[in-house]
>>> print(open('upload-v1.txt').read())   # compact mmCIF, N, CA and C atoms and all ligand atoms
# COMPACT_ATOMS: atom_id res chain seq x y z
N MET A 1 -28.09 -3.93 42.56
CA MET A 1 -29.03 -4.90 43.13
C MET A 1 -28.60 -6.31 42.79
N LYS A 2 -28.90 -7.20 43.70
CA LYS A 2 -28.45 -8.57 43.48
C LYS A 2 -29.50 -9.41 42.77
N CYS A 3 -28.98 -10.37 42.00
CA CYS A 3 -29.88 -11.28 41.29
C CYS A 3 -30.72 -12.10 42.27
N ASP A 4 -30.15 -12.44 43.41
CA ASP A 4 -30.90 -13.23 44.39
C ASP A 4 -32.20 -12.53 44.77
N TRP A 5 -32.08 -11.24 45.06
CA TRP A 5 -33.25 -10.48 45.49
C TRP A 5 -34.30 -10.43 44.38
N VAL A 6 -33.81 -10.17 43.15
CA VAL A 6 -34.74 -10.08 42.02
C VAL A 6 -35.44 -11.41 41.80
N GLN A 7 -34.67 -12.51 41.87
CA GLN A 7 -35.27 -13.81 41.57
C GLN A 7 -36.19 -14.27 42.71
N ASP A 8 -35.91 -13.80 43.92
CA ASP A 8 -36.83 -14.10 45.03
C ASP A 8 -38.16 -13.37 44.84
N ASN A 9 -38.12 -12.22 44.18
CA ASN A 9 -39.32 -11.39 44.06
C ASN A 9 -39.97 -11.45 42.69
N ILE A 10 -39.42 -12.28 41.80
CA ILE A 10 -39.92 -12.27 40.42
C ILE A 10 -41.38 -12.73 40.35
N VAL A 11 -41.76 -13.65 41.22
CA VAL A 11 -43.15 -14.12 41.23
C VAL A 11 -44.09 -12.99 41.64
N PHE A 12 -43.66 -12.21 42.64
CA PHE A 12 -44.48 -11.08 43.07
C PHE A 12 -44.60 -10.05 41.95
N TYR A 13 -43.52 -9.91 41.20
CA TYR A 13 -43.53 -9.00 40.06
C TYR A 13 -44.55 -9.47 39.03
N VAL A 14 -44.53 -10.76 38.72
CA VAL A 14 -45.46 -11.32 37.73
C VAL A 14 -46.91 -11.14 38.18
N TYR A 15 -47.13 -11.27 39.48
CA TYR A 15 -48.50 -11.17 40.01
C TYR A 15 -48.87 -9.74 40.41
N ASN A 16 -48.04 -8.76 40.04
CA ASN A 16 -48.31 -7.36 40.37
C ASN A 16 -48.47 -7.11 41.87
N GLU A 17 -47.65 -7.79 42.66
CA GLU A 17 -47.74 -7.65 44.11
C GLU A 17 -46.59 -6.84 44.69
N LEU A 18 -45.78 -6.25 43.84
CA LEU A 18 -44.65 -5.46 44.35
C LEU A 18 -45.04 -4.00 44.51
N GLU A 19 -44.45 -3.35 45.51
CA GLU A 19 -44.61 -1.91 45.64
C GLU A 19 -43.97 -1.24 44.42
N ASP A 20 -44.40 -0.03 44.13
CA ASP A 20 -43.92 0.66 42.94
C ASP A 20 -42.40 0.78 42.89
N ASP A 21 -41.78 1.11 44.04
CA ASP A 21 -40.34 1.29 44.02
C ASP A 21 -39.61 -0.03 43.79
N ALA A 22 -40.12 -1.11 44.39
CA ALA A 22 -39.50 -2.42 44.19
C ALA A 22 -39.69 -2.87 42.74
N ARG A 23 -40.87 -2.58 42.22
CA ARG A 23 -41.17 -2.93 40.84
C ARG A 23 -40.20 -2.21 39.89
N TYR A 24 -39.97 -0.94 40.18
CA TYR A 24 -39.06 -0.15 39.37
C TYR A 24 -37.66 -0.74 39.43
N GLU A 25 -37.23 -1.11 40.62
CA GLU A 25 -35.89 -1.69 40.77
C GLU A 25 -35.75 -3.00 40.01
N VAL A 26 -36.80 -3.81 40.07
CA VAL A 26 -36.78 -5.08 39.33
C VAL A 26 -36.65 -4.80 37.84
N GLU A 27 -37.43 -3.83 37.34
CA GLU A 27 -37.40 -3.52 35.91
C GLU A 27 -36.04 -3.00 35.49
N GLN A 28 -35.44 -2.14 36.36
CA GLN A 28 -34.11 -1.64 36.07
C GLN A 28 -33.10 -2.78 35.97
N HIS A 29 -33.22 -3.72 36.88
CA HIS A 29 -32.29 -4.84 36.89
C HIS A 29 -32.50 -5.74 35.67
N LEU A 30 -33.76 -5.99 35.35
CA LEU A 30 -34.08 -6.89 34.23
C LEU A 30 -33.52 -6.34 32.92
N ALA A 31 -33.48 -5.02 32.81
CA ALA A 31 -33.03 -4.39 31.57
C ALA A 31 -31.57 -4.74 31.27
N ARG A 32 -30.80 -5.07 32.33
CA ARG A 32 -29.39 -5.35 32.08
C ARG A 32 -28.93 -6.71 32.60
N CYS A 33 -29.86 -7.60 32.87
CA CYS A 33 -29.47 -8.91 33.39
C CYS A 33 -30.20 -10.03 32.66
N PRO A 34 -29.53 -10.67 31.71
CA PRO A 34 -30.16 -11.77 30.94
C PRO A 34 -30.62 -12.93 31.82
N ALA A 35 -29.87 -13.23 32.88
CA ALA A 35 -30.22 -14.37 33.73
C ALA A 35 -31.57 -14.14 34.39
N CYS A 36 -31.75 -12.93 34.93
CA CYS A 36 -33.02 -12.63 35.60
C CYS A 36 -34.16 -12.49 34.60
N THR A 37 -33.84 -12.02 33.37
CA THR A 37 -34.87 -11.93 32.34
C THR A 37 -35.36 -13.33 31.97
N ALA A 38 -34.43 -14.27 31.93
CA ALA A 38 -34.82 -15.67 31.66
C ALA A 38 -35.70 -16.18 32.79
N GLU A 39 -35.37 -15.79 34.01
CA GLU A 39 -36.17 -16.19 35.18
C GLU A 39 -37.58 -15.61 35.07
N LEU A 40 -37.66 -14.36 34.62
CA LEU A 40 -38.96 -13.71 34.44
C LEU A 40 -39.79 -14.45 33.40
N LYS A 41 -39.15 -14.83 32.30
CA LYS A 41 -39.88 -15.56 31.26
C LYS A 41 -40.44 -16.86 31.81
N ALA A 42 -39.63 -17.56 32.58
CA ALA A 42 -40.07 -18.83 33.17
C ALA A 42 -41.24 -18.60 34.12
N ALA A 43 -41.15 -17.54 34.92
CA ALA A 43 -42.21 -17.24 35.88
C ALA A 43 -43.50 -16.87 35.14
N ARG A 44 -43.36 -16.11 34.06
CA ARG A 44 -44.55 -15.73 33.28
C ARG A 44 -45.20 -16.95 32.64
N LYS A 45 -44.35 -17.87 32.15
CA LYS A 45 -44.87 -19.09 31.53
C LYS A 45 -45.62 -19.92 32.57
N PHE A 46 -45.03 -20.01 33.75
CA PHE A 46 -45.65 -20.75 34.86
C PHE A 46 -47.00 -20.12 35.21
N HIS A 47 -47.01 -18.81 35.30
CA HIS A 47 -48.24 -18.07 35.61
C HIS A 47 -49.31 -18.34 34.55
N ALA A 48 -48.90 -18.30 33.26
CA ALA A 48 -49.85 -18.52 32.17
C ALA A 48 -50.40 -19.94 32.22
N THR A 49 -49.53 -20.90 32.53
CA THR A 49 -49.97 -22.29 32.61
C THR A 49 -50.99 -22.45 33.73
N LEU A 50 -50.70 -21.86 34.86
CA LEU A 50 -51.63 -21.95 35.99
C LEU A 50 -52.96 -21.29 35.66
N SER A 51 -52.90 -20.19 34.93
CA SER A 51 -54.12 -19.45 34.61
C SER A 51 -55.04 -20.26 33.71
N GLN A 52 -54.47 -21.20 32.94
CA GLN A 52 -55.30 -22.01 32.04
C GLN A 52 -56.02 -23.12 32.78
N ALA A 53 -55.53 -23.48 33.94
CA ALA A 53 -56.14 -24.59 34.68
C ALA A 53 -57.55 -24.20 35.09
N PRO A 54 -58.50 -25.12 34.97
CA PRO A 54 -59.87 -24.80 35.37
C PRO A 54 -59.95 -24.56 36.88
N VAL A 55 -60.77 -23.61 37.25
CA VAL A 55 -60.95 -23.30 38.66
C VAL A 55 -62.09 -24.17 39.20
N THR A 56 -61.79 -24.92 40.22
CA THR A 56 -62.79 -25.81 40.80
C THR A 56 -63.52 -25.09 41.92
N GLU A 57 -64.84 -25.15 41.86
CA GLU A 57 -65.64 -24.55 42.94
C GLU A 57 -65.55 -25.43 44.18
N PRO A 58 -65.43 -24.84 45.37
CA PRO A 58 -65.40 -25.64 46.59
C PRO A 58 -66.75 -26.29 46.84
N SER A 59 -66.73 -27.45 47.45
CA SER A 59 -67.99 -28.14 47.76
C SER A 59 -68.72 -27.40 48.87
N PRO A 60 -70.05 -27.55 48.94
CA PRO A 60 -70.81 -26.90 50.02
C PRO A 60 -70.30 -27.28 51.40
N ASN A 61 -69.88 -28.54 51.53
CA ASN A 61 -69.39 -28.98 52.84
C ASN A 61 -68.11 -28.26 53.23
N LEU A 62 -67.22 -28.11 52.25
CA LEU A 62 -65.96 -27.41 52.55
C LEU A 62 -66.25 -25.96 52.90
N LEU A 63 -67.15 -25.34 52.12
CA LEU A 63 -67.52 -23.95 52.39
C LEU A 63 -68.08 -23.81 53.80
N ALA A 64 -69.00 -24.73 54.14
CA ALA A 64 -69.65 -24.66 55.45
C ALA A 64 -68.61 -24.84 56.56
N ALA A 65 -67.72 -25.82 56.37
CA ALA A 65 -66.71 -26.07 57.40
C ALA A 65 -65.78 -24.88 57.54
N SER A 66 -65.43 -24.27 56.42
CA SER A 66 -64.54 -23.11 56.46
C SER A 66 -65.21 -21.93 57.15
N ARG A 67 -66.48 -21.71 56.81
CA ARG A 67 -67.20 -20.60 57.43
C ARG A 67 -67.36 -20.82 58.93
N MET A 68 -67.56 -22.09 59.28
CA MET A 68 -67.72 -22.43 60.69
C MET A 68 -66.41 -22.16 61.44
N ALA A 69 -65.32 -22.59 60.82
CA ALA A 69 -64.01 -22.36 61.45
C ALA A 69 -63.75 -20.87 61.56
N PHE A 70 -64.13 -20.14 60.52
CA PHE A 70 -63.94 -18.70 60.54
C PHE A 70 -64.79 -18.05 61.63
N ALA A 71 -66.05 -18.49 61.71
CA ALA A 71 -66.94 -17.92 62.73
C ALA A 71 -66.39 -18.20 64.12
N GLY A 72 -65.88 -19.44 64.31
CA GLY A 72 -65.31 -19.78 65.62
C GLY A 72 -64.11 -18.92 65.93
N SER A 73 -63.28 -18.73 64.91
CA SER A 73 -62.08 -17.92 65.10
C SER A 73 -62.46 -16.46 65.37
N ALA A 74 -63.45 -15.97 64.61
CA ALA A 74 -63.90 -14.58 64.80
C ALA A 74 -64.47 -14.40 66.20
N ARG A 75 -65.18 -15.43 66.68
CA ARG A 75 -65.77 -15.36 68.02
C ARG A 75 -64.66 -15.28 69.07
N ASP A 76 -63.60 -16.08 68.86
CA ASP A 76 -62.50 -16.08 69.81
C ASP A 76 -61.84 -14.71 69.90
N HIS A 77 -61.77 -14.04 68.74
CA HIS A 77 -61.06 -12.76 68.71
C HIS A 77 -61.97 -11.57 68.99
N HIS A 78 -63.27 -11.73 68.66
CA HIS A 78 -64.22 -10.63 68.88
C HIS A 78 -65.47 -11.18 69.56
N PRO A 79 -65.40 -11.50 70.84
CA PRO A 79 -66.54 -12.12 71.52
C PRO A 79 -67.81 -11.28 71.44
N GLY A 80 -67.71 -9.98 71.27
CA GLY A 80 -68.88 -9.12 71.24
C GLY A 80 -69.67 -9.25 69.96
N ARG A 81 -69.09 -9.89 68.94
CA ARG A 81 -69.75 -9.91 67.64
C ARG A 81 -70.45 -11.23 67.38
N ILE A 82 -71.20 -11.69 68.33
CA ILE A 82 -71.86 -12.99 68.21
C ILE A 82 -72.91 -12.97 67.11
N LEU A 83 -73.50 -11.84 66.80
CA LEU A 83 -74.55 -11.75 65.79
C LEU A 83 -74.03 -12.14 64.41
N ALA A 84 -72.75 -11.93 64.17
CA ALA A 84 -72.19 -12.27 62.86
C ALA A 84 -72.36 -13.76 62.58
N ALA A 85 -72.25 -14.60 63.60
CA ALA A 85 -72.37 -16.04 63.39
C ALA A 85 -73.77 -16.40 62.94
N SER A 86 -74.80 -15.85 63.60
CA SER A 86 -76.17 -16.20 63.21
C SER A 86 -76.50 -15.57 61.86
N ASP A 87 -75.90 -14.46 61.57
CA ASP A 87 -76.11 -13.80 60.29
C ASP A 87 -75.65 -14.72 59.16
N PHE A 88 -74.44 -15.26 59.31
CA PHE A 88 -73.92 -16.11 58.24
C PHE A 88 -74.68 -17.44 58.19
N ARG A 89 -75.23 -17.87 59.33
CA ARG A 89 -75.98 -19.11 59.37
C ARG A 89 -77.24 -18.99 58.50
N SER A 90 -77.96 -17.89 58.63
CA SER A 90 -79.17 -17.74 57.83
C SER A 90 -78.83 -17.57 56.35
N ARG A 91 -77.69 -16.96 56.07
CA ARG A 91 -77.29 -16.83 54.68
C ARG A 91 -76.96 -18.19 54.09
N GLN A 92 -76.35 -19.03 54.90
CA GLN A 92 -76.02 -20.37 54.44
C GLN A 92 -77.31 -21.13 54.11
N LEU A 93 -78.33 -21.01 54.94
CA LEU A 93 -79.62 -21.65 54.69
C LEU A 93 -80.21 -21.16 53.36
N ALA A 94 -80.18 -19.87 53.16
CA ALA A 94 -80.76 -19.30 51.95
C ALA A 94 -79.97 -19.73 50.72
N ALA A 95 -78.66 -19.88 50.85
CA ALA A 95 -77.82 -20.18 49.70
C ALA A 95 -77.96 -21.63 49.26
N THR A 96 -78.11 -22.55 50.17
CA THR A 96 -78.07 -23.96 49.79
C THR A 96 -79.44 -24.62 49.78
N GLY A 97 -80.35 -24.21 50.63
CA GLY A 97 -81.64 -24.89 50.72
C GLY A 97 -81.46 -26.25 51.39
N PRO A 98 -82.59 -26.89 51.71
CA PRO A 98 -82.52 -28.15 52.46
C PRO A 98 -82.27 -29.36 51.56
N HIS A 99 -81.06 -29.53 51.06
CA HIS A 99 -80.77 -30.67 50.19
C HIS A 99 -79.54 -31.43 50.68
N GLY A 100 -79.73 -32.71 50.87
CA GLY A 100 -78.64 -33.66 51.09
C GLY A 100 -77.54 -33.18 52.02
N PRO A 101 -76.29 -33.32 51.55
CA PRO A 101 -75.13 -33.00 52.39
C PRO A 101 -75.16 -31.56 52.88
N ALA A 102 -75.68 -30.68 52.04
CA ALA A 102 -75.74 -29.27 52.44
C ALA A 102 -76.63 -29.12 53.67
N MET A 103 -77.73 -29.88 53.68
CA MET A 103 -78.64 -29.81 54.82
C MET A 103 -77.96 -30.31 56.08
N VAL A 104 -77.19 -31.38 55.93
CA VAL A 104 -76.44 -31.89 57.08
C VAL A 104 -75.51 -30.79 57.60
N ALA A 105 -74.85 -30.12 56.68
CA ALA A 105 -73.94 -29.04 57.08
C ALA A 105 -74.71 -27.94 57.79
N VAL A 106 -75.89 -27.61 57.25
CA VAL A 106 -76.70 -26.54 57.85
C VAL A 106 -77.11 -26.93 59.27
N ILE A 107 -77.55 -28.17 59.42
CA ILE A 107 -77.97 -28.62 60.75
C ILE A 107 -76.78 -28.53 61.71
N PHE A 108 -75.64 -28.94 61.22
CA PHE A 108 -74.43 -28.91 62.03
C PHE A 108 -74.11 -27.47 62.43
N ILE A 109 -74.24 -26.57 61.48
CA ILE A 109 -73.94 -25.16 61.75
C ILE A 109 -74.94 -24.59 62.76
N VAL A 110 -76.22 -24.94 62.58
CA VAL A 110 -77.24 -24.45 63.51
C VAL A 110 -76.92 -24.93 64.92
N GLY A 111 -76.56 -26.20 65.01
CA GLY A 111 -76.19 -26.74 66.33
C GLY A 111 -74.97 -26.04 66.89
N PHE A 112 -74.01 -25.84 66.02
CA PHE A 112 -72.78 -25.17 66.44
C PHE A 112 -73.08 -23.74 66.88
N GLY A 113 -73.92 -23.05 66.09
CA GLY A 113 -74.28 -21.67 66.44
C GLY A 113 -75.03 -21.62 67.77
N GLY A 114 -75.93 -22.61 67.96
CA GLY A 114 -76.66 -22.68 69.23
C GLY A 114 -75.69 -22.87 70.38
N GLY A 115 -74.68 -23.70 70.15
CA GLY A 115 -73.67 -23.92 71.18
C GLY A 115 -72.93 -22.64 71.50
N ILE A 116 -72.62 -21.88 70.46
CA ILE A 116 -71.93 -20.60 70.67
C ILE A 116 -72.80 -19.68 71.50
N ALA A 117 -74.10 -19.60 71.09
CA ALA A 117 -75.02 -18.69 71.79
C ALA A 117 -75.15 -19.09 73.26
N ALA A 118 -75.29 -20.41 73.51
CA ALA A 118 -75.44 -20.89 74.88
C ALA A 118 -74.20 -20.56 75.71
N THR A 119 -73.05 -20.77 75.09
CA THR A 119 -71.79 -20.46 75.79
C THR A 119 -71.68 -18.98 76.07
N TYR A 120 -72.10 -18.22 75.08
CA TYR A 120 -71.96 -16.77 75.20
C TYR A 120 -72.90 -16.21 76.27
N ASN A 121 -74.12 -16.76 76.36
CA ASN A 121 -75.10 -16.23 77.31
C ASN A 121 -74.84 -16.64 78.75
N SER A 122 -74.14 -17.74 78.96
CA SER A 122 -73.96 -18.22 80.33
C SER A 122 -72.84 -17.47 81.05
ZN ZN B 1 -29.97 -10.57 37.74
>>> encode(input="upload-v1.txt", output="structure tokens", more="lines below")
Ligand SMILES: [Zn+2]
Amino acid sequence: MKCDWVQDNIVFYVYNELEDDARYEVEQHLARCPACTAELKAARKFHATLSQAPVTEPSPNLLAASRMAFAGSARDHHPGRILAASDFRSRQLAATGPHGPAMVAVIFIVGFGGGIAATYNS
């Protein structure tokens, strides 16, 4: 096996994203290749450093915009599933309540959902 292949896949190895057979091949190679073992150490260190970074929660506006984009995309691909959009809309209301920017997002989503429904029914 070539070092190029192992080093291309070392990140997947660190993140446990390799299939069992690929994982086995990487381990076999690492056992006899100091260069790739050094690469593995660097990847593990990088992974550990990233893991220490605090995870930032997305803002309600970003969440709302993402869900809206997702709902629009889902509608484009599955026009029959229009109920999913209103389902997530009511969940959004329940999750955030009528406060500030979140309320603006909710109003926007309600309008957007109404637009979807109107388009769908016509
Ligand atoms: Zn190697």
>>> atom_distance(input="upload-v1.txt", atom1="atom CA of A:Pro101", atom2="atom CA of A:Pro58")
13.5 Å
>>> closest_residue(input="upload-v1.txt", among="A:Tyr24, A:Phe108, A:Trp5, A:Phe46", to="ligand ZN 1 (chain B)", atoms="all atoms listed in the file")
A:Trp5
>>> residues_near_ligand(input="upload-v1.txt", ligand="ligand ZN 1 (chain B)", cutoff="7 Å", atoms="all atoms listed in the file", output="PyMOL selection string")
chain A and resi 1-4+6-7+29-30+32-37
>>> atom_distance(input="upload-v1.txt", atom1="atom CA of A:Gly113", atom2="atom CA of A:Met68")
8.8 Å
>>> atom_distance(input="upload-v1.txt", atom1="atom N of A:Ala102", atom2="atom C of A:Ala64")
10.2 Å
>>> residues_around(input="upload-v1.txt", residues="stretch 20-22 of chain A", least_positions_apart="5", cutoff="10 Å", atoms="only C-alpha atoms", output="list in words")
Val6, Asn9, Tyr13, Glu27 and Gln28 of chain A
